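Enquirer: Compact mmCIF, C-alpha atoms, file protein16.txt:
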# COMPACT_ATOMS: atom_id res chain seq x y z
CA MET H 114 -15.81 -11.02 -7.29
CA ILE H 115 -14.96 -7.42 -6.47
CA PRO H 116 -11.87 -6.65 -4.37
CA ALA H 117 -12.29 -5.34 -0.84
CA ALA H 118 -11.95 -1.57 -0.47
CA PHE H 119 -8.42 -0.19 -0.26
CA ASP H 120 -6.55 3.11 -0.40
CA TYR H 121 -4.47 3.73 -3.52
CA ALA H 122 -1.11 5.45 -3.98
CA ALA H 123 0.62 6.12 -7.31
CA PRO H 124 4.06 7.53 -6.46
CA GLN H 125 6.19 9.04 -9.21
CA SER H 126 9.59 8.30 -7.65
CA VAL H 127 11.24 5.48 -5.76
CA ALA H 128 11.62 7.78 -2.74
CA ASP H 129 7.87 8.46 -2.71
CA ALA H 130 7.13 4.74 -3.06
CA LEU H 131 9.34 3.92 -0.08
CA GLU H 132 7.57 6.62 1.91
CA ALA H 133 4.23 5.01 1.06
CA LEU H 134 5.52 1.65 2.26
CA ARG H 135 6.31 3.25 5.62
CA SER H 136 2.71 4.36 6.13
CA ASP H 137 0.68 3.05 9.04
CA ALA H 138 -1.69 1.09 6.78
CA GLU H 139 -2.62 -2.28 8.23
CA GLU H 140 -1.55 -4.24 5.13
CA ILE H 141 0.27 -2.92 2.06
CA LYS H 142 0.63 -4.54 -1.35
CA VAL H 143 2.86 -3.34 -4.18
CA LEU H 144 1.38 -3.35 -7.69
CA ALA H 145 3.77 -3.89 -10.60
CA GLY H 146 2.13 -5.40 -13.69
CA GLY H 147 -0.69 -6.85 -11.60
CA GLN H 148 -0.94 -10.13 -13.49
CA SER H 149 -0.63 -12.15 -10.27
CA LEU H 150 -1.89 -9.65 -7.69
CA ILE H 151 -5.12 -8.50 -9.33
CA PRO H 152 -6.66 -12.01 -9.59
CA VAL H 153 -5.78 -12.57 -5.92
CA LEU H 154 -7.49 -9.30 -5.00
CA ARG H 155 -10.58 -10.16 -7.02
CA LEU H 156 -10.86 -13.51 -5.23
CA ARG H 157 -10.27 -11.73 -1.91
CA LEU H 158 -7.40 -14.04 -1.10
CA ALA H 159 -5.64 -10.81 -0.18
CA ALA H 160 -7.28 -7.69 1.20
CA PRO H 161 -4.69 -4.91 1.55
CA THR H 162 -5.69 -1.60 3.06
CA LEU H 163 -3.21 0.23 0.79
CA LEU H 164 -2.13 -0.53 -2.78
CA VAL H 165 1.09 1.12 -3.99
CA ASP H 166 1.17 1.29 -7.81
CA LEU H 167 4.70 1.54 -9.28
CA GLY H 168 3.54 2.14 -12.86
CA ARG H 169 4.31 5.89 -12.91
CA ILE H 170 7.91 5.64 -11.71
CA ALA H 171 9.91 6.32 -14.88
CA GLU H 172 13.26 5.26 -13.39
CA LEU H 173 12.00 1.70 -12.99
CA HIS H 174 11.46 1.26 -16.73
CA GLY H 175 13.90 0.41 -19.52
CA ILE H 176 16.87 -1.66 -20.64
CA SER H 177 20.39 -0.26 -20.87
CA ASP H 178 23.95 -1.37 -21.58
CA ASP H 179 26.35 -0.88 -18.67
CA GLY H 180 29.65 -2.29 -19.87
CA ASP H 181 29.80 -5.95 -18.89
CA THR H 182 26.17 -6.07 -17.80
CA LEU H 183 22.66 -5.31 -18.97
CA VAL H 184 20.53 -3.27 -16.58
CA ILE H 185 16.80 -3.92 -16.73
CA GLY H 186 14.37 -1.80 -14.74
CA ALA H 187 12.01 -3.74 -12.52
CA MET H 188 8.93 -2.33 -14.29
CA THR H 189 10.13 -3.33 -17.76
CA THR H 190 7.50 -5.57 -19.35
CA HIS H 191 7.99 -9.12 -20.53
CA HIS H 192 7.29 -7.94 -24.07
CA GLU H 193 10.07 -5.37 -23.88
CA VAL H 194 12.51 -8.00 -22.61
CA ALA H 195 11.39 -10.51 -25.26
CA THR H 196 11.82 -8.07 -28.14
CA SER H 197 14.91 -6.13 -27.02
CA SER H 198 17.87 -6.35 -29.40
CA LEU H 199 20.22 -5.81 -26.44
CA VAL H 200 18.77 -8.74 -24.54
CA ALA H 201 18.76 -10.94 -27.64
CA GLU H 202 22.46 -10.22 -28.24
CA HIS H 203 23.79 -10.42 -24.71
CA ALA H 204 21.29 -12.61 -22.80
CA GLU H 205 19.55 -14.77 -25.39
CA LEU H 206 18.26 -17.15 -22.74
CA LEU H 207 16.30 -14.41 -20.98
CA ALA H 208 14.78 -13.17 -24.24
CA LYS H 209 13.64 -16.65 -25.19
CA ALA H 210 12.17 -17.31 -21.76
CA ALA H 211 10.23 -14.04 -21.82
CA GLN H 212 8.75 -15.01 -25.17
CA THR H 213 7.11 -18.06 -23.55
CA VAL H 214 5.36 -16.20 -20.73
CA ALA H 215 1.58 -16.68 -20.92
CA ASP H 216 0.10 -14.76 -23.87
CA PRO H 217 0.62 -11.38 -25.60
CA GLN H 218 -1.79 -9.55 -23.28
CA VAL H 219 0.05 -10.73 -20.18
CA ARG H 220 3.46 -10.05 -21.74
CA HIS H 221 2.45 -6.45 -22.48
CA ARG H 222 1.31 -5.85 -18.87
CA GLY H 223 3.39 -8.18 -16.72
CA THR H 224 6.81 -6.96 -15.56
CA LEU H 225 10.17 -8.63 -15.07
CA GLY H 226 10.53 -7.32 -11.53
CA GLY H 227 7.01 -8.27 -10.57
CA ALA H 228 7.49 -11.83 -11.76
CA LEU H 229 10.82 -12.19 -9.98
CA VAL H 230 9.59 -10.81 -6.64
CA HIS H 231 6.42 -12.92 -6.86
CA ALA H 232 8.78 -15.93 -7.06
CA ASP H 233 6.26 -18.50 -8.20
CA PRO H 234 8.22 -21.77 -8.47
CA ALA H 235 6.43 -22.46 -11.78
CA GLY H 236 7.15 -18.97 -13.13
CA ASP H 237 9.31 -18.79 -16.24
CA LEU H 238 11.75 -15.96 -15.41
CA PRO H 239 13.40 -16.88 -12.09
CA ALA H 240 15.31 -19.88 -13.52
CA PRO H 241 16.83 -17.89 -16.42
CA ALA H 242 17.83 -15.14 -13.98
CA LEU H 243 19.51 -17.74 -11.79
CA ALA H 244 21.25 -19.44 -14.71
CA LEU H 245 22.63 -16.13 -15.98
CA GLY H 246 23.93 -15.08 -12.56
CA ALA H 247 21.68 -12.04 -12.27
CA GLU H 248 22.10 -9.49 -9.49
CA PHE H 249 19.11 -7.77 -7.91
CA VAL H 250 19.28 -4.15 -6.80
CA ILE H 251 17.01 -3.58 -3.80
CA VAL H 252 16.28 -0.20 -2.19
CA GLY H 253 14.91 0.36 1.28
CA PRO H 254 15.09 2.69 4.28
CA GLN H 255 18.74 1.74 4.85
CA GLY H 256 19.73 2.52 1.26
CA GLU H 257 20.61 0.34 -1.72
CA ARG H 258 21.94 -3.20 -1.65
CA THR H 259 22.68 -5.82 -4.29
CA VAL H 260 21.72 -9.48 -3.88
CA ALA H 261 22.98 -12.33 -6.04
CA ALA H 262 20.39 -14.58 -7.69
CA ALA H 263 21.58 -17.53 -5.60
CA ASP H 264 20.52 -15.63 -2.45
CA PHE H 265 17.49 -13.80 -3.83
CA PHE H 266 15.04 -16.70 -4.11
CA GLN H 267 14.58 -17.93 -0.54
CA ASP H 268 11.49 -20.13 -0.46
CA LEU H 269 8.03 -20.61 -1.94
CA PHE H 270 6.84 -17.11 -2.99
CA ALA H 271 9.58 -15.61 -0.80
CA THR H 272 12.57 -13.47 -1.81
CA ALA H 273 15.19 -11.26 -0.20
CA VAL H 274 13.01 -8.16 -0.72
CA GLY H 275 11.72 -6.95 2.64
CA GLU H 276 8.27 -5.54 3.31
CA ASP H 277 9.66 -1.99 3.36
CA GLU H 278 11.87 -2.47 0.29
CA LEU H 279 11.56 -2.40 -3.50
CA LEU H 280 13.36 -4.24 -6.27
CA THR H 281 14.44 -1.44 -8.61
CA LYS H 282 16.54 -3.17 -11.28
CA VAL H 283 18.12 -6.41 -12.36
CA ARG H 284 21.71 -6.58 -13.57
CA ILE H 285 22.41 -9.40 -16.03
CA PRO H 286 26.06 -10.26 -16.80
CA LYS H 287 26.53 -10.29 -20.55
CA HIS H 288 26.62 -13.72 -22.15
CA THR H 289 27.49 -12.50 -25.62
CA ALA H 290 28.19 -15.32 -28.10
CA TRP H 291 26.53 -17.82 -25.79
CA GLY H 292 23.60 -19.83 -27.09
CA GLY H 293 20.48 -19.82 -24.95
CA HIS H 294 17.23 -21.75 -24.85
CA TYR H 295 14.23 -22.16 -22.54
CA GLU H 296 12.41 -25.48 -22.85
CA LYS H 297 9.10 -25.77 -20.99
CA PHE H 298 6.52 -28.50 -20.73
CA THR H 299 2.80 -27.77 -20.35
CA ARG H 300 -0.33 -29.73 -21.13
CA VAL H 301 -2.24 -26.79 -22.58
CA ALA H 302 -1.24 -23.44 -24.00
CA GLN H 303 -0.50 -20.62 -21.53
CA GLN H 304 -0.38 -22.99 -18.56
CA TRP H 305 2.22 -22.58 -15.82
CA SER H 306 5.26 -24.75 -16.49
CA ILE H 307 4.96 -28.29 -15.16
CA VAL H 308 8.75 -28.41 -15.58
CA ALA H 309 11.03 -26.12 -17.57
CA VAL H 310 14.75 -25.81 -18.18
CA ALA H 311 16.85 -22.68 -18.78
CA ALA H 312 20.15 -23.35 -20.55
CA ALA H 313 22.99 -21.07 -21.65
CA VAL H 314 25.94 -22.69 -23.41
CA LYS H 315 29.22 -21.47 -24.83
CA ALA H 316 30.73 -23.81 -27.41
CA GLU H 317 34.14 -23.27 -28.98
CA GLY H 318 35.59 -25.44 -31.73
CA GLY H 319 32.87 -28.04 -31.32
CA THR H 320 33.48 -28.37 -27.56
CA ILE H 321 31.34 -27.02 -24.72
CA SER H 322 33.57 -24.66 -22.75
CA GLU H 323 30.96 -23.25 -20.35
CA ALA H 324 27.39 -24.13 -19.42
CA ARG H 325 24.77 -22.75 -17.06
CA VAL H 326 21.54 -24.65 -16.48
CA ALA H 327 18.63 -23.96 -14.11
CA LEU H 328 15.32 -25.71 -13.50
CA THR H 329 11.77 -24.40 -13.09
CA ASN H 330 9.23 -26.07 -10.77
CA MET H 331 11.63 -28.71 -9.47
CA GLY H 332 11.54 -27.30 -5.94
CA SER H 333 10.23 -24.35 -3.96
CA THR H 334 12.76 -22.10 -5.72
CA PRO H 335 14.59 -22.26 -9.07
CA ILE H 336 17.50 -24.71 -8.92
CA ARG H 337 20.90 -24.66 -10.59
CA ALA H 338 21.63 -28.02 -12.24
CA THR H 339 25.30 -27.92 -11.27
CA ALA H 340 25.85 -31.64 -11.90
CA VAL H 341 24.70 -31.16 -15.50
CA GLU H 342 26.94 -28.12 -15.92
CA GLN H 343 29.98 -30.02 -14.67
CA ALA H 344 29.19 -32.98 -16.89
CA LEU H 345 28.90 -30.74 -19.97
CA VAL H 346 32.13 -28.74 -19.71
CA GLY H 347 34.85 -30.16 -21.92
CA GLN H 348 32.47 -32.47 -23.76
CA PRO H 349 31.87 -32.39 -27.51
CA ALA H 350 28.78 -30.45 -28.52
CA THR H 351 26.95 -33.53 -29.71
CA THR H 352 23.48 -34.86 -28.98
CA GLU H 353 24.89 -38.00 -27.40
CA ALA H 354 27.22 -36.18 -25.00
CA ILE H 355 24.52 -33.70 -24.05
CA LYS H 356 21.91 -36.37 -23.34
CA ALA H 357 24.40 -38.23 -21.16
CA ALA H 358 25.03 -35.07 -19.12
CA ALA H 359 21.28 -34.40 -18.88
CA GLU H 360 20.83 -37.63 -16.92
CA HIS H 361 22.13 -35.70 -13.90
CA ALA H 362 19.37 -33.08 -14.12
CA ASP H 363 17.31 -34.35 -11.18
CA GLN H 364 20.19 -34.31 -8.69
CA GLY H 365 19.48 -32.04 -5.74
CA THR H 366 15.87 -31.41 -6.72
CA ASN H 367 12.69 -31.71 -4.67
CA PRO H 368 9.85 -31.60 -7.20
CA PRO H 369 6.24 -31.29 -6.05
CA THR H 370 3.47 -33.82 -6.57
CA ASP H 371 0.17 -32.37 -7.77
CA THR H 372 -2.58 -32.90 -10.35
CA ASN H 373 -0.11 -32.29 -13.18
CA GLY H 374 2.20 -35.12 -12.16
CA ASP H 375 4.09 -36.71 -9.31
CA ALA H 376 7.69 -36.12 -8.31
CA ASP H 377 9.09 -39.05 -10.32
CA TYR H 378 7.32 -37.82 -13.45
CA ARG H 379 8.89 -34.39 -13.01
CA ARG H 380 12.34 -35.91 -12.47
CA HIS H 381 11.96 -37.74 -15.78
CA LEU H 382 10.79 -34.54 -17.48
CA ALA H 383 13.76 -32.62 -16.10
CA LYS H 384 16.20 -35.00 -17.78
CA VAL H 385 14.39 -34.98 -21.11
CA LEU H 386 13.88 -31.21 -21.19
CA THR H 387 17.46 -30.52 -20.11
CA GLY H 388 18.71 -32.53 -23.06
CA ARG H 389 16.46 -30.60 -25.43
CA ALA H 390 17.34 -27.21 -23.96
CA VAL H 391 21.08 -27.75 -24.08
CA VAL H 392 20.98 -29.22 -27.60
CA SER H 393 19.13 -26.12 -28.79
CA ALA H 394 21.40 -23.73 -26.87
CA ALA H 395 24.52 -25.40 -28.27
CA GLY H 396 23.13 -25.23 -31.80
CA VAL H 397 23.50 -28.97 -32.35
I need this file expressed as structure tokens, please.
Expert:
Amino acid sequence: MIPAAFDYAAPQSVADALEALRSDAEEIKVLAGGQSLIPVLRLRLAAPTLLVDLGRIAELHGISDDGDTLVIGAMTTHHEVATSSLVAEHAELLAKAAQTVADPQVRHRGTLGGALVHADPAGDLPAPALALGAEFVIVGPQGERTVAAADFFQDLFATAVGEDELLTKVRIPKHTAWGGHYEKFTRVAQQWSIVAVAAAVKAEGGTISEARVALTNMGSTPIRATAVEQALVGQPATTEAIKAAAEHADQGTNPPTDTNGDADYRRHLAKVLTGRAVVSAAGV
């Protein structure tokens, strides 16, 4: 199908984009990479009267080192995140997760910020952002504010970004010398994750000293597996100890039931995939 007619704006600065969002258009949509929005427009599941394209705003692109954190512009593509030496060194989990997103075409067009604001519960980047304790810089008419990952994802396809606001960058605390792995389960290539697990682990002297684990598609938002984290800390970095801790992976989850599997199936997958993700992250 062909999208319904709409007006188009291509601002070249964040200030101009915010001005466009304040227009009197009946419905406004923001275009980042377009990998989720454009199919919806073509199916006419959305019919905005104004489309605001962020692609020409240079300040929203790029990855930089800011002391204890990495700063990633919202319009930075999945490919750039997946292949960045800075991300690989200081946030290995995020790099590995970005490498699993869809296919090369999507990774070269889709953006980190677009995926995070879209907040699909089966999307592959929200859980790593949550596990790594990301902070989201949001700009609106009242100025700039920073929201922690734990408060950013609010519900199904809903985030802390207001209708008159933009996500401009993501700040990732450095996890240098941590191992990271993203383990996802799909039935066919390039499918949305049925369940996936994001794990970052710091092991010292054969013992797990710190662990951060988050789950994809085990609820309406990404979920921190805090019971697993607590069970891992202080344990030997062995397959047996890790698998025992992974048995707590389904605690506090509310997985969906759909054509890919029921809730109990997903709870089982969460335990199995958590064990695999942490084993890989710990280098066992």
Enquirer: Between H:Glu276, H:Asp178, H:Glu140, H:Asp375, which has the minimum distance to H:Val200 (counting all atoms listed in the file)?
Expert: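 Nearest to H:Val200: H:Asp178.
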Enquirer: Using all atoms listed in the file, what table do you get, as a tab-separated table, when you list each residue of stretch 213-259 of chain H with an atom no more than 8 Å from stretch 337-353 of chain H, its nearest pair of atoms, and their distance in Å rounded to one decimal, rows by chain then rising number?
Expert:
residue	atom	partner	partner_atom	distance
H:Ala240	CA	H:Arg337	CA	7.9
H:Leu243	CA	H:Arg337	CA	7.2
H:Ala244	CA	H:Arg337	CA	6.7
Enquirer: Could you tell me how far atom CA of H:Pro369 lies from atom CA of H:Glu296, in Å and to one decimal?
Expert: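 Separation between atom CA of H:Pro369 and atom CA of H:Glu296: 18.8 Å.
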Enquirer: Suppose you want the space between atom CA of H:Glu278 and atom CA of H:His174; what is it in Å?
Expert: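 So the two atoms, atom CA of H:Glu278 and atom CA of H:His174, lie 17.4 Å apart.
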Enquirer: Just the number, please: distance in Å from atom CA of H:Ala311 to atom CA of H:Arg258, one decimal.
Expert: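 That distance, rounded to one decimal, is 26.4 Å.
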Enquirer: Hey, what's within 10 Å of H:Asn367 if we count all atoms listed in the file and toss same-chain stuff fewer than 6 positions away? As a PyMOL selection string, please?
Expert: chain H and resi 330-334+336+376-377+379-380
Enquirer: Which is closer to H:Ile251 than all the others in H:Ile355, H:Val143, H:Ala208, H:Ala187, using only C-alpha atoms?
Expert: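 The answer is H:Ala187, which sits nearest to H:Ile251.
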Enquirer: Using only C-alpha atoms, which of H:Arg169, H:His191, H:Lys297, H:His203 sits nearest H:His221?
Expert: H:His191
Enquirer: Which residue, H:Ala359, H:Val127, H:Ala210, H:Ala138, has the smallest gap to H:Asp237 when you use only C-alpha atoms?
Expert: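 Once distances to H:Asp237 are computed over only C-alpha atoms, the minimum belongs to H:Ala210.
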Enquirer: I want to know what sits within 10 Å of H:Ala133, based on only C-alpha atoms, with residues of the same chain fewer than 6 positions away left out; could you give that as a PDB file with C-alpha atoms, keeping the file's coordinate frame?
Expert:
ATOM      1  CA  TYR H 121      -4.470   3.730  -3.520  1.00  0.00           C
ATOM      2  CA  ALA H 122      -1.110   5.450  -3.980  1.00  0.00           C
ATOM      3  CA  ALA H 123       0.620   6.120  -7.310  1.00  0.00           C
ATOM      4  CA  PRO H 124       4.060   7.530  -6.460  1.00  0.00           C
ATOM      5  CA  VAL H 127      11.240   5.480  -5.760  1.00  0.00           C
ATOM      6  CA  ILE H 141       0.270  -2.920   2.060  1.00  0.00           C
ATOM      7  CA  VAL H 143       2.860  -3.340  -4.180  1.00  0.00           C
ATOM      8  CA  LEU H 163      -3.210   0.230   0.790  1.00  0.00           C
ATOM      9  CA  LEU H 164      -2.130  -0.530  -2.780  1.00  0.00           C
ATOM     10  CA  VAL H 165       1.090   1.120  -3.990  1.00  0.00           C
ATOM     11  CA  ASP H 277       9.660  -1.990   3.360  1.00  0.00           C
TER      12      ASP H 277
END
Enquirer: Find the spatial neighbours of H:Ala271, counting all atoms listed in the file, within a cut-off of 8 Å - ignore same-chain residues fewer than 2 positions away - and output them as a PyMOL selection string.
Expert: chain H and resi 230-232+266-269+273
Enquirer: Around (9.6, -11.9, -8.3) in the file's own coordinates, what residues are found within 9 Å if you use only C-alpha atoms, given back as a list of chain:residue names?
Expert: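 Output: H:Leu225, H:Gly226, H:Gly227, H:Ala228, H:Leu229, H:Val230, H:His231, H:Ala232, H:Asp233, H:Gly236, H:Leu238, H:Pro239, H:Phe266, H:Phe270, H:Ala271, H:Thr272, H:Leu280.
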Enquirer: Would you be able to write out as a PyMOL selection string which residues have an atom within 7 Å of (11.7, 4.2, -0.8) in the file's coordinates, counting all atoms listed in the file?
Expert: chain H and resi 127-132+252-254+278
Enquirer: Restricting the calculation to all atoms listed in the file: of H:Gln218, H:Thr289, H:Ser306, H:Gln255, which residue gets closest to H:Ala235?
Expert: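 The shortest atom-to-atom distance to H:Ala235 comes from H:Ser306.
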Enquirer: Which is closest to H:Gly223 among H:Ala242, H:Leu279, H:Ile285, H:Ala145, if we use all atoms listed in the file?
Expert: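 Of H:Ala242, H:Leu279, H:Ile285, H:Ala145, the one nearest H:Gly223 is H:Ala145, counting all atoms listed in the file.
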Enquirer: Let me have the centre and edge lengths in Å, one decimal, of the box along x, y and z around every listed atom of stretch 375-385 of chain H with 6 Å of margin on each side, as lines of an AutoDock Vina configuration file.
Expert:
center_x = 10.1
center_y = -35.8
center_z = -14.7
size_x = 24.1
size_y = 18.4
size_z = 24.8
Enquirer: Skipping near chain neighbours, those fewer than 3 positions away, what residues fall within 12 Å of H:Leu158 using all atoms listed in the file, listed as a PyMOL selection string?
Expert: chain H and resi 114-117+149-155+161
Enquirer: Counting all atoms listed in the file, what is within 9 Å of H:Thr387, bar same-chain residues fewer than 4 positions away, as a PDB file with C-alpha atoms, in the frame of the given file?
Expert:
ATOM      1  CA  GLU H 296      12.410 -25.480 -22.850  1.00  0.00           C
ATOM      2  CA  ALA H 309      11.030 -26.120 -17.570  1.00  0.00           C
ATOM      3  CA  VAL H 310      14.750 -25.810 -18.180  1.00  0.00           C
ATOM      4  CA  ALA H 311      16.850 -22.680 -18.780  1.00  0.00           C
ATOM      5  CA  ALA H 312      20.150 -23.350 -20.550  1.00  0.00           C
ATOM      6  CA  VAL H 326      21.540 -24.650 -16.480  1.00  0.00           C
ATOM      7  CA  ALA H 327      18.630 -23.960 -14.110  1.00  0.00           C
ATOM      8  CA  LEU H 328      15.320 -25.710 -13.500  1.00  0.00           C
ATOM      9  CA  VAL H 341      24.700 -31.160 -15.500  1.00  0.00           C
ATOM     10  CA  ILE H 355      24.520 -33.700 -24.050  1.00  0.00           C
ATOM     11  CA  LYS H 356      21.910 -36.370 -23.340  1.00  0.00           C
ATOM     12  CA  ALA H 358      25.030 -35.070 -19.120  1.00  0.00           C
ATOM     13  CA  ALA H 359      21.280 -34.400 -18.880  1.00  0.00           C
ATOM     14  CA  GLU H 360      20.830 -37.630 -16.920  1.00  0.00           C
ATOM     15  CA  ALA H 362      19.370 -33.080 -14.120  1.00  0.00           C
ATOM     16  CA  LEU H 382      10.790 -34.540 -17.480  1.00  0.00           C
ATOM     17  CA  ALA H 383      13.760 -32.620 -16.100  1.00  0.00           C
ATOM     18  CA  VAL H 391      21.080 -27.750 -24.080  1.00  0.00           C
ATOM     19  CA  VAL H 392      20.980 -29.220 -27.600  1.00  0.00           C
TER      20      VAL H 392
END
Enquirer: Some atoms are absent from stretch 283-308 of chain H, so rebuild N, CA and C atoms and return them as a short mmCIF file (atom, residue, chain, number, x, y, z; two decimals), in the coordinates of the input.
Expert:
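Contents of out.cif, as written:
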data_model
loop_
_atom_site.label_atom_id
_atom_site.label_comp_id
_atom_site.auth_asym_id
_atom_site.auth_seq_id
_atom_site.Cartn_x
_atom_site.Cartn_y
_atom_site.Cartn_z
N VAL H 283 17.44 -5.12 -12.29
CA VAL H 283 18.12 -6.41 -12.36
C VAL H 283 19.33 -6.24 -13.27
N ARG H 284 20.48 -6.67 -12.78
CA ARG H 284 21.71 -6.58 -13.57
C ARG H 284 22.05 -7.98 -14.08
N ILE H 285 22.15 -8.12 -15.40
CA ILE H 285 22.41 -9.40 -16.03
C ILE H 285 23.81 -9.38 -16.64
N PRO H 286 24.75 -10.19 -16.15
CA PRO H 286 26.06 -10.26 -16.80
C PRO H 286 25.91 -10.66 -18.27
N LYS H 287 26.64 -9.99 -19.13
CA LYS H 287 26.53 -10.29 -20.55
C LYS H 287 27.02 -11.71 -20.86
N HIS H 288 26.24 -12.41 -21.64
CA HIS H 288 26.62 -13.72 -22.15
C HIS H 288 26.62 -13.66 -23.67
N THR H 289 27.38 -12.70 -24.18
CA THR H 289 27.49 -12.50 -25.62
C THR H 289 28.17 -13.72 -26.24
N ALA H 290 27.66 -14.15 -27.37
CA ALA H 290 28.19 -15.32 -28.10
C ALA H 290 27.86 -16.64 -27.42
N TRP H 291 27.04 -16.59 -26.39
CA TRP H 291 26.53 -17.82 -25.79
C TRP H 291 25.19 -18.15 -26.47
N GLY H 292 24.92 -19.42 -26.65
CA GLY H 292 23.60 -19.83 -27.09
C GLY H 292 22.68 -19.98 -25.88
N GLY H 293 21.42 -19.70 -26.06
CA GLY H 293 20.48 -19.82 -24.95
C GLY H 293 19.17 -20.42 -25.41
N HIS H 294 18.53 -21.18 -24.52
CA HIS H 294 17.23 -21.75 -24.85
C HIS H 294 16.45 -22.03 -23.57
N TYR H 295 15.13 -21.85 -23.66
CA TYR H 295 14.23 -22.16 -22.54
C TYR H 295 13.23 -23.19 -23.02
N GLU H 296 13.28 -24.36 -22.44
CA GLU H 296 12.41 -25.48 -22.85
C GLU H 296 11.42 -25.74 -21.72
N LYS H 297 10.13 -25.57 -22.02
CA LYS H 297 9.10 -25.77 -20.99
C LYS H 297 8.10 -26.81 -21.43
N PHE H 298 7.53 -27.48 -20.45
CA PHE H 298 6.52 -28.50 -20.73
C PHE H 298 5.22 -28.11 -20.06
N THR H 299 4.15 -28.02 -20.85
CA THR H 299 2.80 -27.77 -20.35
C THR H 299 1.83 -28.69 -21.07
N ARG H 300 0.69 -28.89 -20.48
CA ARG H 300 -0.33 -29.73 -21.13
C ARG H 300 -1.21 -28.93 -22.08
N VAL H 301 -1.42 -27.67 -21.73
CA VAL H 301 -2.24 -26.79 -22.58
C VAL H 301 -1.53 -25.47 -22.72
N ALA H 302 -1.87 -24.73 -23.76
CA ALA H 302 -1.24 -23.44 -24.00
C ALA H 302 -1.46 -22.49 -22.84
N GLN H 303 -0.45 -21.69 -22.52
CA GLN H 303 -0.50 -20.62 -21.53
C GLN H 303 -0.58 -21.13 -20.09
N GLN H 304 -0.39 -22.43 -19.90
CA GLN H 304 -0.38 -22.99 -18.56
C GLN H 304 0.96 -22.69 -17.88
N TRP H 305 0.96 -22.66 -16.54
CA TRP H 305 2.22 -22.58 -15.82
C TRP H 305 3.06 -23.80 -16.17
N SER H 306 4.37 -23.64 -16.15
CA SER H 306 5.26 -24.75 -16.49
C SER H 306 5.11 -25.90 -15.49
N ILE H 307 4.91 -27.11 -16.01
CA ILE H 307 4.96 -28.29 -15.16
C ILE H 307 6.42 -28.54 -14.78
N VAL H 308 7.29 -28.45 -15.75
CA VAL H 308 8.75 -28.41 -15.58
C VAL H 308 9.28 -27.59 -16.74
#
